[in-house]
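Below is protein_35.cif, holding mmCIF, C-alpha atoms.
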```cif
data_input
loop_
_atom_site.label_atom_id
_atom_site.label_comp_id
_atom_site.auth_asym_id
_atom_site.auth_seq_id
_atom_site.Cartn_x
_atom_site.Cartn_y
_atom_site.Cartn_z
CA MET A 1 12.50 29.05 5.10
CA THR A 2 13.53 25.91 6.94
CA ASN A 3 13.40 22.43 5.52
CA PRO A 4 10.40 20.61 7.09
CA PHE A 5 12.28 17.32 6.85
CA GLU A 6 14.77 18.62 9.42
CA THR A 7 12.02 18.48 12.08
CA LEU A 8 9.97 15.56 10.72
CA LYS A 9 11.80 12.50 11.96
CA ALA A 10 11.45 9.08 10.35
CA ARG A 11 11.14 7.47 13.78
CA THR A 12 8.08 9.62 14.50
CA LEU A 13 6.49 8.72 11.18
CA LEU A 14 7.25 5.00 11.46
CA GLY A 15 6.61 4.68 15.20
CA GLY A 16 3.31 6.51 14.90
CA GLY A 17 2.42 4.40 11.88
CA LEU A 18 3.09 1.24 13.87
CA LEU A 19 0.96 2.54 16.73
CA VAL A 20 -1.87 3.44 14.32
CA THR A 21 -1.73 -0.06 12.83
CA VAL A 22 -1.80 -1.73 16.24
CA LEU A 23 -4.73 0.43 17.34
CA ALA A 24 -6.55 -0.39 14.10
CA ALA A 25 -5.96 -4.10 14.72
CA LEU A 26 -7.22 -4.12 18.32
CA PRO A 27 -10.94 -4.23 17.42
CA LEU A 28 -10.20 -7.25 15.20
CA VAL A 29 -8.63 -9.32 18.00
CA GLY A 30 -10.61 -12.49 18.68
CA ARG A 31 -12.66 -12.13 15.52
CA HIS A 32 -12.08 -13.91 12.26
CA PRO A 33 -12.14 -11.10 9.70
CA GLY A 34 -11.61 -11.82 6.04
CA PRO A 35 -8.19 -11.40 4.49
CA GLY A 36 -7.33 -7.80 3.86
CA THR A 37 -9.68 -6.41 6.53
CA LEU A 38 -6.80 -4.92 8.49
CA ALA A 39 -5.49 -3.31 5.31
CA LEU A 40 -8.91 -1.80 4.63
CA VAL A 41 -8.85 -0.23 8.08
CA ALA A 42 -5.15 0.53 8.55
CA TYR A 43 -4.16 2.02 5.18
CA PRO A 44 -6.56 4.97 5.28
CA LEU A 45 -5.54 5.62 8.89
CA LEU A 46 -1.85 5.47 7.94
CA LEU A 47 -2.49 7.91 5.11
CA ALA A 48 -4.30 10.27 7.49
CA TRP A 49 -1.43 9.98 10.00
CA THR A 50 1.14 10.78 7.32
CA VAL A 51 -0.79 13.78 6.00
CA TRP A 52 -1.46 15.13 9.49
CA LEU A 53 2.17 14.75 10.55
CA GLY A 54 3.42 16.28 7.31
CA ARG A 55 1.16 19.31 7.63
CA ARG A 56 2.13 19.72 11.27
CA HIS A 57 5.78 19.97 10.21
CA GLY A 58 5.09 22.23 7.23
CA VAL A 59 5.52 19.75 4.38
CA ARG A 60 3.90 21.18 1.26
CA PHE A 61 2.55 18.09 -0.46
CA ARG A 62 1.87 19.90 -3.73
CA ARG A 63 5.54 20.80 -3.93
CA LEU A 64 6.62 17.33 -2.81
CA LEU A 65 4.35 15.42 -5.21
CA GLY A 66 4.12 17.96 -7.99
CA GLY A 67 1.17 19.90 -9.31
CA PRO A 68 -1.58 18.74 -11.61
CA VAL A 69 -0.54 16.86 -14.72
CA ALA A 70 -0.70 18.84 -17.96
CA ALA A 71 -3.47 17.73 -20.33
CA ASP A 72 -1.01 16.75 -23.07
CA GLN A 73 0.81 14.41 -20.65
CA VAL A 74 -2.26 12.47 -19.45
CA VAL A 75 -2.31 10.18 -22.50
CA ALA A 76 1.42 9.49 -22.19
CA ILE A 77 1.05 8.65 -18.50
CA LEU A 78 -1.95 6.38 -19.13
CA ALA A 79 0.03 4.63 -21.88
CA LEU A 80 2.56 3.65 -19.23
CA VAL A 81 -0.01 1.66 -17.24
CA PRO A 82 -0.06 -1.45 -19.50
CA ALA A 83 3.73 -1.36 -19.72
CA LEU A 84 4.07 -1.20 -15.93
CA VAL A 85 1.56 -4.02 -15.46
CA ALA A 86 3.51 -6.14 -17.98
CA LEU A 87 6.75 -5.29 -16.16
CA ASP A 88 5.20 -6.29 -12.84
CA VAL A 89 3.96 -9.62 -14.21
CA GLY A 90 7.32 -10.25 -15.85
CA LEU A 91 9.20 -9.53 -12.64
CA ILE A 92 6.94 -11.90 -10.72
CA TRP A 93 7.80 -14.65 -13.20
CA LEU A 94 11.47 -13.69 -13.11
CA VAL A 95 11.59 -13.97 -9.31
CA TYR A 96 9.23 -16.84 -8.61
CA THR A 97 10.20 -19.22 -11.42
CA PRO A 98 13.77 -19.80 -10.15
CA LEU A 99 12.45 -19.76 -6.58
CA SER A 100 9.99 -22.54 -7.48
CA TRP A 101 12.93 -24.72 -8.54
CA VAL A 102 14.50 -24.31 -5.12
CA SER A 103 11.42 -24.22 -2.91
CA PRO A 104 8.22 -25.20 -4.74
CA ASP A 105 6.20 -25.43 -1.51
CA SER A 106 6.92 -21.77 -0.68
CA VAL A 107 5.74 -20.61 -4.09
CA ARG A 108 2.63 -22.81 -3.90
CA ALA A 109 1.79 -21.35 -0.48
CA TRP A 110 2.30 -17.81 -1.82
CA LEU A 111 -0.03 -18.50 -4.76
CA GLU A 112 -2.67 -19.90 -2.43
CA ARG A 113 -2.44 -16.79 -0.23
CA MET A 114 -2.88 -14.61 -3.32
CA ASP A 115 -6.07 -16.51 -4.19
CA ARG A 116 -7.47 -15.75 -0.73
CA MET A 117 -6.66 -12.02 -0.82
CA VAL A 118 -10.00 -11.11 -2.38
CA PRO A 119 -12.85 -13.08 -0.82
CA PRO A 120 -15.27 -14.35 -3.49
CA ASP A 121 -18.41 -13.38 -1.53
CA LEU A 122 -17.86 -9.60 -1.39
CA GLY A 123 -20.91 -7.42 -1.98
CA ALA A 124 -20.82 -4.47 -4.37
CA GLY A 125 -20.13 -1.95 -1.59
CA GLU A 126 -17.41 -4.06 0.00
CA ARG A 127 -15.79 -4.64 -3.41
CA THR A 128 -15.77 -0.87 -4.05
CA ILE A 129 -14.12 -0.20 -0.68
CA PHE A 130 -11.59 -2.99 -1.31
CA VAL A 131 -10.63 -1.56 -4.74
CA ALA A 132 -10.49 2.02 -3.38
CA ALA A 133 -8.21 0.93 -0.51
CA ALA A 134 -5.95 -0.96 -2.92
CA VAL A 135 -5.70 2.05 -5.23
CA LEU A 136 -4.99 4.47 -2.39
#
```
Please lay out the structure from this file as structure tokens.
Amino acid sequence: MTNPFETLKARTLLGGGLLVTVLAALPLVGRHPGPGTLALVAYPLLLAWTVWLGRRHGVRFRRLLGGPVAADQVVAILALVPALVALDVGLIWLVYTPLSWVSPDSVRAWLERMDRMVPPDLGAGERTIFVAAAVL
């Protein structure tokens, strides 16, 4: 059995991904979509591209990602979520606090962009799609 990663080239995956993103962005040209609209469109398409290309080259995703999680491990894995969130928040502080001493305007601009990532006027359906895209 040959290794599928011998035929699946990174340049094909990345180049195709770039093309998929550009094609997803074309309908948005000249419009003023809300922040994150391109991500809502492009990420599912990039996922589809990756899965299609992987299957075409014989990548077995179950073997690559592992099988289902055993029932006794679910609680242990879910217990990691708060720890990983705390680590993420801590790393943000660790990176951006010293950076704010050097370039406070850059950090302020970053924080303002983060505030605009989720538009406040999303409907229930749009909010569900936004959360699903972020999770995927």
Practice item. Return as a list in words the set of residues that the PyMOL selection byres ((chain A and resi 48-57) around 9) yields on the displayed structure. Key: Pro4, Phe5, Thr7, Leu8, Thr12, Leu13, Gly16, Gly17, Val20, Tyr43, Pro44, Leu45, Leu46, Leu47, Gly58, Val59, Arg60 and Phe61 of chain A
Point to revise | Computed interatomic separation between atom CA of Tyr96 of chain A and atom CA of Val81 of chain A (Å) | key: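 So the answer is 22.4 Å.
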Exercise for review: Could you jot down the atom CA of Glu126 of chain A to atom CA of Val22 of chain A separation for me, Å, one decimal place?
Suggested key: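 Computed distance, atom CA of Glu126 of chain A to atom CA of Val22 of chain A, equals 22.6 Å.
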Check your understanding: What does the distance between atom CA of Arg108 of chain A and atom CA of Gly90 of chain A come to in Å, to one decimal place?
Key -> 18.0 Å
